[in-house]
Amino acid sequence: MRALRILLIIAVILGGIFVIVDRLAVNFAEGEVADRLKSSENLSTTPDVSINGFPFLTQLAGGSLDEVRIGIQEYEAGAGDGKQNIRIEDLRADMKGVEFSGDFGSATAADATGTASVTYDELLKTAKSESTQVGPGVTASVVGLSDGGNGKIEVTVEATVLGTKLPEPVSVLSSVTVVDGDTVRVQADALPSFGGVEMAEARVREITDFEQRIDGLPGGIKLDKVEAGKSGVDITVQGSNVRLAG
């Protein structure tokens with residue numbers, strides 16, 4: 001019995017040492033992946049990286065990680081056509097089946113899903129904020145975006161009719177959708193009325209409807225779904241063969 005107890009104690013100690021070594025190794029690997037991702041994506045801050053699954057050393061030996069989660073607080077995404085970049089906030093991605101090189105110089109995930117958000121102030125930069133003629137004697141401009149409830153965006157428009165500014169802005173509920181995997185489209189469900197003046201729908205939609213392209217997301221992930229939230233547009237992203245580094 002004494003010998004058995006000694007063997008059990010030794011086994012527990014060795015198991016504890018293995019766990020410590022395993023955790024040290026995963027912490028080192030997380031730091032390496034974070035540094036590589038920061039460099040490859042030109043990030044201003046180091047992203048959060050979490051490698052899940054135990055034991056890590058077994059995954060390391062096989063050259064494949066079960067799951068890697070990354071978090072980027074702010075990311076400057078391209079807007080296309082030479083337009084000003086758009087700021088993406090709180091980008092979170094869950095990577096599955098990550099194959100990597102020995103020095104973590106390259107890493108590619110078989111699948112990725114995640115979330116992000118774009119504030120209404122950021123999205124407002126795309127809307128037509130300068131005064132534009134939308135009908136005979138009528139000019140209008142978008143002055144605000146906000147949560148309209150039930151997944152809708154409330155677009156607030158100021159208008160001037162025959163040289164007189166309307167006393168109150170006009171609001172319209174709009175649907176938000178993803179187009180071609182890289183563009184957020186905001187489209188009015190019904191057109192607003194400006195002082196009872198009849199106007200062509202196409203002219204009014206030049207003000208109420210707009211699109212924001214978002215490309216160059218990390219690793220080539222794409223937009224999947226969008227929905228209006230309390231402080232901005234909530235985005236779901238996904239991708240295949242997503243490159244984390246390299």
# chains A, B, ... in the order shown; residues from 1 in each chain; ligands from 1
$ select_by_dssp --residues "region 11-241 of chain A" --states "strand (DSSP E or B)" --output "count of residues only"
114
$ residues_around --residues "Arg92 (chain A)" --least-positions-apart "4" --cutoff "8 Å" --atoms "only C-alpha atoms" --output "count of residues only"
7
$ closest_residue --among "A:Ser50, A:Thr139, A:Asn241, A:Thr113" --to "Glu32 (chain A)" --atoms "only C-alpha atoms"
A:Ser50
$ select_by_dssp --residues "region 8-217 of chain A" --states "alpha helix (DSSP H)" --output "PyMOL selection string"
chain A and resi 8-40+56-62+120-124+201-208
$ atom_distance --atom1 "CA of Asp121 (chain A)" --atom2 "CA of Phe210 (chain A)"
14.4 Å
$ residues_around --residues "region 60-66 of chain A" --least-positions-apart "2" --cutoff "9 Å" --atoms "only C-alpha atoms" --output "ChimeraX atom specification"
/A:51-53,55-58,68,95-102,109
$ closest_residue --among "A:Ser146, A:Gln212, A:Thr45, A:Gln187" --to "Lys83 (chain A)" --atoms "only C-alpha atoms"
A:Gln212
$ residues_around --residues "region 229-233 of chain A" --least-positions-apart "5" --cutoff "9 Å" --atoms "only C-alpha atoms" --output "PyMOL selection string"
chain A and resi 116-123+145-153+176
$ write_last_selection --atoms "C-alpha atoms" --output "PDB file, in the first residue's frame"
ATOM      1  CA  ALA A 116     -18.517  42.999 -34.921  1.00  0.00           C
ATOM      2  CA  SER A 117     -20.249  46.372 -34.875  1.00  0.00           C
ATOM      3  CA  VAL A 118     -20.239  49.724 -36.647  1.00  0.00           C
ATOM      4  CA  THR A 119     -21.480  52.752 -34.712  1.00  0.00           C
ATOM      5  CA  TYR A 120     -24.210  54.938 -36.177  1.00  0.00           C
ATOM      6  CA  ASP A 121     -21.830  57.914 -36.159  1.00  0.00           C
ATOM      7  CA  GLU A 122     -19.380  55.928 -38.264  1.00  0.00           C
ATOM      8  CA  LEU A 123     -22.083  54.746 -40.663  1.00  0.00           C
ATOM      9  CA  LEU A 145     -28.990  57.553 -37.626  1.00  0.00           C
ATOM     10  CA  SER A 146     -30.331  55.693 -34.609  1.00  0.00           C
ATOM     11  CA  ASP A 147     -31.991  52.500 -33.419  1.00  0.00           C
ATOM     12  CA  GLY A 148     -35.513  52.297 -34.801  1.00  0.00           C
ATOM     13  CA  GLY A 149     -36.394  49.098 -32.942  1.00  0.00           C
ATOM     14  CA  ASN A 150     -37.158  45.629 -34.320  1.00  0.00           C
ATOM     15  CA  GLY A 151     -33.906  45.510 -36.245  1.00  0.00           C
ATOM     16  CA  LYS A 152     -34.583  48.755 -38.128  1.00  0.00           C
ATOM     17  CA  ILE A 153     -32.522  51.935 -38.477  1.00  0.00           C
ATOM     18  CA  VAL A 176     -30.385  47.068 -43.251  1.00  0.00           C
TER      19      VAL A 176
END
$ residues_around --residues "Val161 (chain A)" --least-positions-apart "3" --cutoff "8 Å" --atoms "only C-alpha atoms" --output "ChimeraX atom specification"
/A:137-139,164-166,194-195
$ closest_residue --among "A:Arg36, A:Lys222, A:Arg205, A:Lys128" --to "Thr183 (chain A)" --atoms "only C-alpha atoms"
A:Lys222
$ closest_residue --among "A:Thr46, A:Thr177, A:Gln84, A:Thr160" --to "Asp234 (chain A)" --atoms "only C-alpha atoms"
A:Thr177
$ decode --residues "region 57-84 of chain A" --atoms "N, CA, C and O atoms" --output "PDB file, in the first residue's frame"
ATOM      1  N   LEU A  57      -0.270  20.760 -25.943  1.00  0.00           N
ATOM      2  CA  LEU A  57       0.935  20.160 -26.498  1.00  0.00           C
ATOM      3  C   LEU A  57       0.617  19.056 -27.493  1.00  0.00           C
ATOM      4  O   LEU A  57       1.337  18.866 -28.475  1.00  0.00           O
ATOM      5  N   THR A  58      -0.458  18.324 -27.261  1.00  0.00           N
ATOM      6  CA  THR A  58      -0.871  17.291 -28.211  1.00  0.00           C
ATOM      7  C   THR A  58      -1.304  17.920 -29.531  1.00  0.00           C
ATOM      8  O   THR A  58      -0.974  17.428 -30.615  1.00  0.00           O
ATOM      9  N   GLN A  59      -2.055  19.026 -29.448  1.00  0.00           N
ATOM     10  CA  GLN A  59      -2.463  19.740 -30.659  1.00  0.00           C
ATOM     11  C   GLN A  59      -1.240  20.286 -31.389  1.00  0.00           C
ATOM     12  O   GLN A  59      -1.147  20.234 -32.620  1.00  0.00           O
ATOM     13  N   LEU A  60      -0.297  20.811 -30.590  1.00  0.00           N
ATOM     14  CA  LEU A  60       0.923  21.374 -31.162  1.00  0.00           C
ATOM     15  C   LEU A  60       1.692  20.325 -31.953  1.00  0.00           C
ATOM     16  O   LEU A  60       2.167  20.582 -33.060  1.00  0.00           O
ATOM     17  N   ALA A  61       1.793  19.148 -31.386  1.00  0.00           N
ATOM     18  CA  ALA A  61       2.521  18.074 -32.044  1.00  0.00           C
ATOM     19  C   ALA A  61       1.851  17.674 -33.356  1.00  0.00           C
ATOM     20  O   ALA A  61       2.526  17.282 -34.323  1.00  0.00           O
ATOM     21  N   GLY A  62       0.519  17.793 -33.399  1.00  0.00           N
ATOM     22  CA  GLY A  62      -0.206  17.426 -34.614  1.00  0.00           C
ATOM     23  C   GLY A  62      -0.277  18.534 -35.647  1.00  0.00           C
ATOM     24  O   GLY A  62      -0.760  18.312 -36.759  1.00  0.00           O
ATOM     25  N   GLY A  63       0.186  19.733 -35.303  1.00  0.00           N
ATOM     26  CA  GLY A  63       0.198  20.846 -36.256  1.00  0.00           C
ATOM     27  C   GLY A  63      -1.165  21.447 -36.544  1.00  0.00           C
ATOM     28  O   GLY A  63      -1.353  22.158 -37.527  1.00  0.00           O
ATOM     29  N   SER A  64      -2.139  21.182 -35.668  1.00  0.00           N
ATOM     30  CA  SER A  64      -3.487  21.710 -35.868  1.00  0.00           C
ATOM     31  C   SER A  64      -4.122  22.034 -34.522  1.00  0.00           C
ATOM     32  O   SER A  64      -4.048  21.237 -33.580  1.00  0.00           O
ATOM     33  N   LEU A  65      -4.766  23.194 -34.439  1.00  0.00           N
ATOM     34  CA  LEU A  65      -5.440  23.618 -33.216  1.00  0.00           C
ATOM     35  C   LEU A  65      -6.953  23.486 -33.398  1.00  0.00           C
ATOM     36  O   LEU A  65      -7.495  23.838 -34.451  1.00  0.00           O
ATOM     37  N   ASP A  66      -7.621  23.005 -32.369  1.00  0.00           N
ATOM     38  CA  ASP A  66      -9.066  22.813 -32.451  1.00  0.00           C
ATOM     39  C   ASP A  66      -9.804  24.133 -32.617  1.00  0.00           C
ATOM     40  O   ASP A  66     -10.691  24.260 -33.465  1.00  0.00           O
ATOM     41  N   GLU A  67      -9.437  25.109 -31.796  1.00  0.00           N
ATOM     42  CA  GLU A  67     -10.176  26.373 -31.789  1.00  0.00           C
ATOM     43  C   GLU A  67      -9.284  27.524 -31.333  1.00  0.00           C
ATOM     44  O   GLU A  67      -8.588  27.410 -30.326  1.00  0.00           O
ATOM     45  N   VAL A  68      -9.326  28.613 -32.093  1.00  0.00           N
ATOM     46  CA  VAL A  68      -8.610  29.836 -31.721  1.00  0.00           C
ATOM     47  C   VAL A  68      -9.603  30.994 -31.777  1.00  0.00           C
ATOM     48  O   VAL A  68     -10.283  31.189 -32.791  1.00  0.00           O
ATOM     49  N   ARG A  69      -9.696  31.733 -30.689  1.00  0.00           N
ATOM     50  CA  ARG A  69     -10.578  32.893 -30.647  1.00  0.00           C
ATOM     51  C   ARG A  69      -9.748  34.164 -30.620  1.00  0.00           C
ATOM     52  O   ARG A  69      -8.789  34.263 -29.864  1.00  0.00           O
ATOM     53  N   ILE A  70     -10.131  35.120 -31.446  1.00  0.00           N
ATOM     54  CA  ILE A  70      -9.410  36.390 -31.489  1.00  0.00           C
ATOM     55  C   ILE A  70     -10.378  37.532 -31.210  1.00  0.00           C
ATOM     56  O   ILE A  70     -11.577  37.443 -31.497  1.00  0.00           O
ATOM     57  N   GLY A  71      -9.855  38.599 -30.632  1.00  0.00           N
ATOM     58  CA  GLY A  71     -10.640  39.796 -30.372  1.00  0.00           C
ATOM     59  C   GLY A  71      -9.842  41.033 -30.741  1.00  0.00           C
ATOM     60  O   GLY A  71      -8.709  41.188 -30.304  1.00  0.00           O
ATOM     61  N   ILE A  72     -10.425  41.880 -31.561  1.00  0.00           N
ATOM     62  CA  ILE A  72      -9.781  43.122 -31.991  1.00  0.00           C
ATOM     63  C   ILE A  72     -10.708  44.269 -31.614  1.00  0.00           C
ATOM     64  O   ILE A  72     -11.841  44.349 -32.100  1.00  0.00           O
ATOM     65  N   GLN A  73     -10.240  45.158 -30.752  1.00  0.00           N
ATOM     66  CA  GLN A  73     -11.092  46.229 -30.241  1.00  0.00           C
ATOM     67  C   GLN A  73     -11.502  47.198 -31.337  1.00  0.00           C
ATOM     68  O   GLN A  73     -12.664  47.569 -31.449  1.00  0.00           O
ATOM     69  N   GLU A  74     -10.550  47.620 -32.152  1.00  0.00           N
ATOM     70  CA  GLU A  74     -10.844  48.523 -33.263  1.00  0.00           C
ATOM     71  C   GLU A  74     -10.070  48.083 -34.495  1.00  0.00           C
ATOM     72  O   GLU A  74      -8.900  47.715 -34.396  1.00  0.00           O
ATOM     73  N   TYR A  75     -10.749  48.108 -35.639  1.00  0.00           N
ATOM     74  CA  TYR A  75     -10.115  47.691 -36.883  1.00  0.00           C
ATOM     75  C   TYR A  75     -10.538  48.640 -37.997  1.00  0.00           C
ATOM     76  O   TYR A  75     -11.728  48.920 -38.179  1.00  0.00           O
ATOM     77  N   GLU A  76      -9.557  49.145 -38.729  1.00  0.00           N
ATOM     78  CA  GLU A  76      -9.838  50.044 -39.842  1.00  0.00           C
ATOM     79  C   GLU A  76     -10.021  49.215 -41.110  1.00  0.00           C
ATOM     80  O   GLU A  76      -9.062  48.686 -41.670  1.00  0.00           O
ATOM     81  N   ALA A  77     -11.268  49.105 -41.560  1.00  0.00           N
ATOM     82  CA  ALA A  77     -11.568  48.323 -42.759  1.00  0.00           C
ATOM     83  C   ALA A  77     -11.651  49.243 -43.964  1.00  0.00           C
ATOM     84  O   ALA A  77     -11.982  50.423 -43.851  1.00  0.00           O
ATOM     85  N   GLY A  78     -11.356  48.689 -45.127  1.00  0.00           N
ATOM     86  CA  GLY A  78     -11.448  49.466 -46.346  1.00  0.00           C
ATOM     87  C   GLY A  78     -12.896  49.760 -46.704  1.00  0.00           C
ATOM     88  O   GLY A  78     -13.805  49.004 -46.356  1.00  0.00           O
ATOM     89  N   ALA A  79     -13.113  50.876 -47.409  1.00  0.00           N
ATOM     90  CA  ALA A  79     -14.467  51.263 -47.815  1.00  0.00           C
ATOM     91  C   ALA A  79     -14.643  51.216 -49.316  1.00  0.00           C
ATOM     92  O   ALA A  79     -15.728  51.485 -49.833  1.00  0.00           O
ATOM     93  N   GLY A  80     -13.577  50.858 -50.043  1.00  0.00           N
ATOM     94  CA  GLY A  80     -13.658  50.747 -51.492  1.00  0.00           C
ATOM     95  C   GLY A  80     -13.622  52.081 -52.202  1.00  0.00           C
ATOM     96  O   GLY A  80     -13.949  53.131 -51.639  1.00  0.00           O
ATOM     97  N   ASP A  81     -13.198  52.044 -53.469  1.00  0.00           N
ATOM     98  CA  ASP A  81     -13.182  53.231 -54.342  1.00  0.00           C
ATOM     99  C   ASP A  81     -12.410  54.397 -53.747  1.00  0.00           C
ATOM    100  O   ASP A  81     -12.750  55.562 -53.962  1.00  0.00           O
ATOM    101  N   GLY A  82     -11.382  54.104 -52.948  1.00  0.00           N
ATOM    102  CA  GLY A  82     -10.546  55.161 -52.399  1.00  0.00           C
ATOM    103  C   GLY A  82     -11.209  55.975 -51.310  1.00  0.00           C
ATOM    104  O   GLY A  82     -10.683  57.009 -50.906  1.00  0.00           O
ATOM    105  N   LYS A  83     -12.360  55.523 -50.804  1.00  0.00           N
ATOM    106  CA  LYS A  83     -13.058  56.266 -49.756  1.00  0.00           C
ATOM    107  C   LYS A  83     -12.352  56.091 -48.415  1.00  0.00           C
ATOM    108  O   LYS A  83     -11.549  55.189 -48.229  1.00  0.00           O
ATOM    109  N   GLN A  84     -12.690  56.965 -47.491  1.00  0.00           N
ATOM    110  CA  GLN A  84     -12.127  56.906 -46.142  1.00  0.00           C
ATOM    111  C   GLN A  84     -12.476  55.571 -45.492  1.00  0.00           C
ATOM    112  O   GLN A  84     -13.592  55.064 -45.619  1.00  0.00           O
TER     113      GLN A  84
END
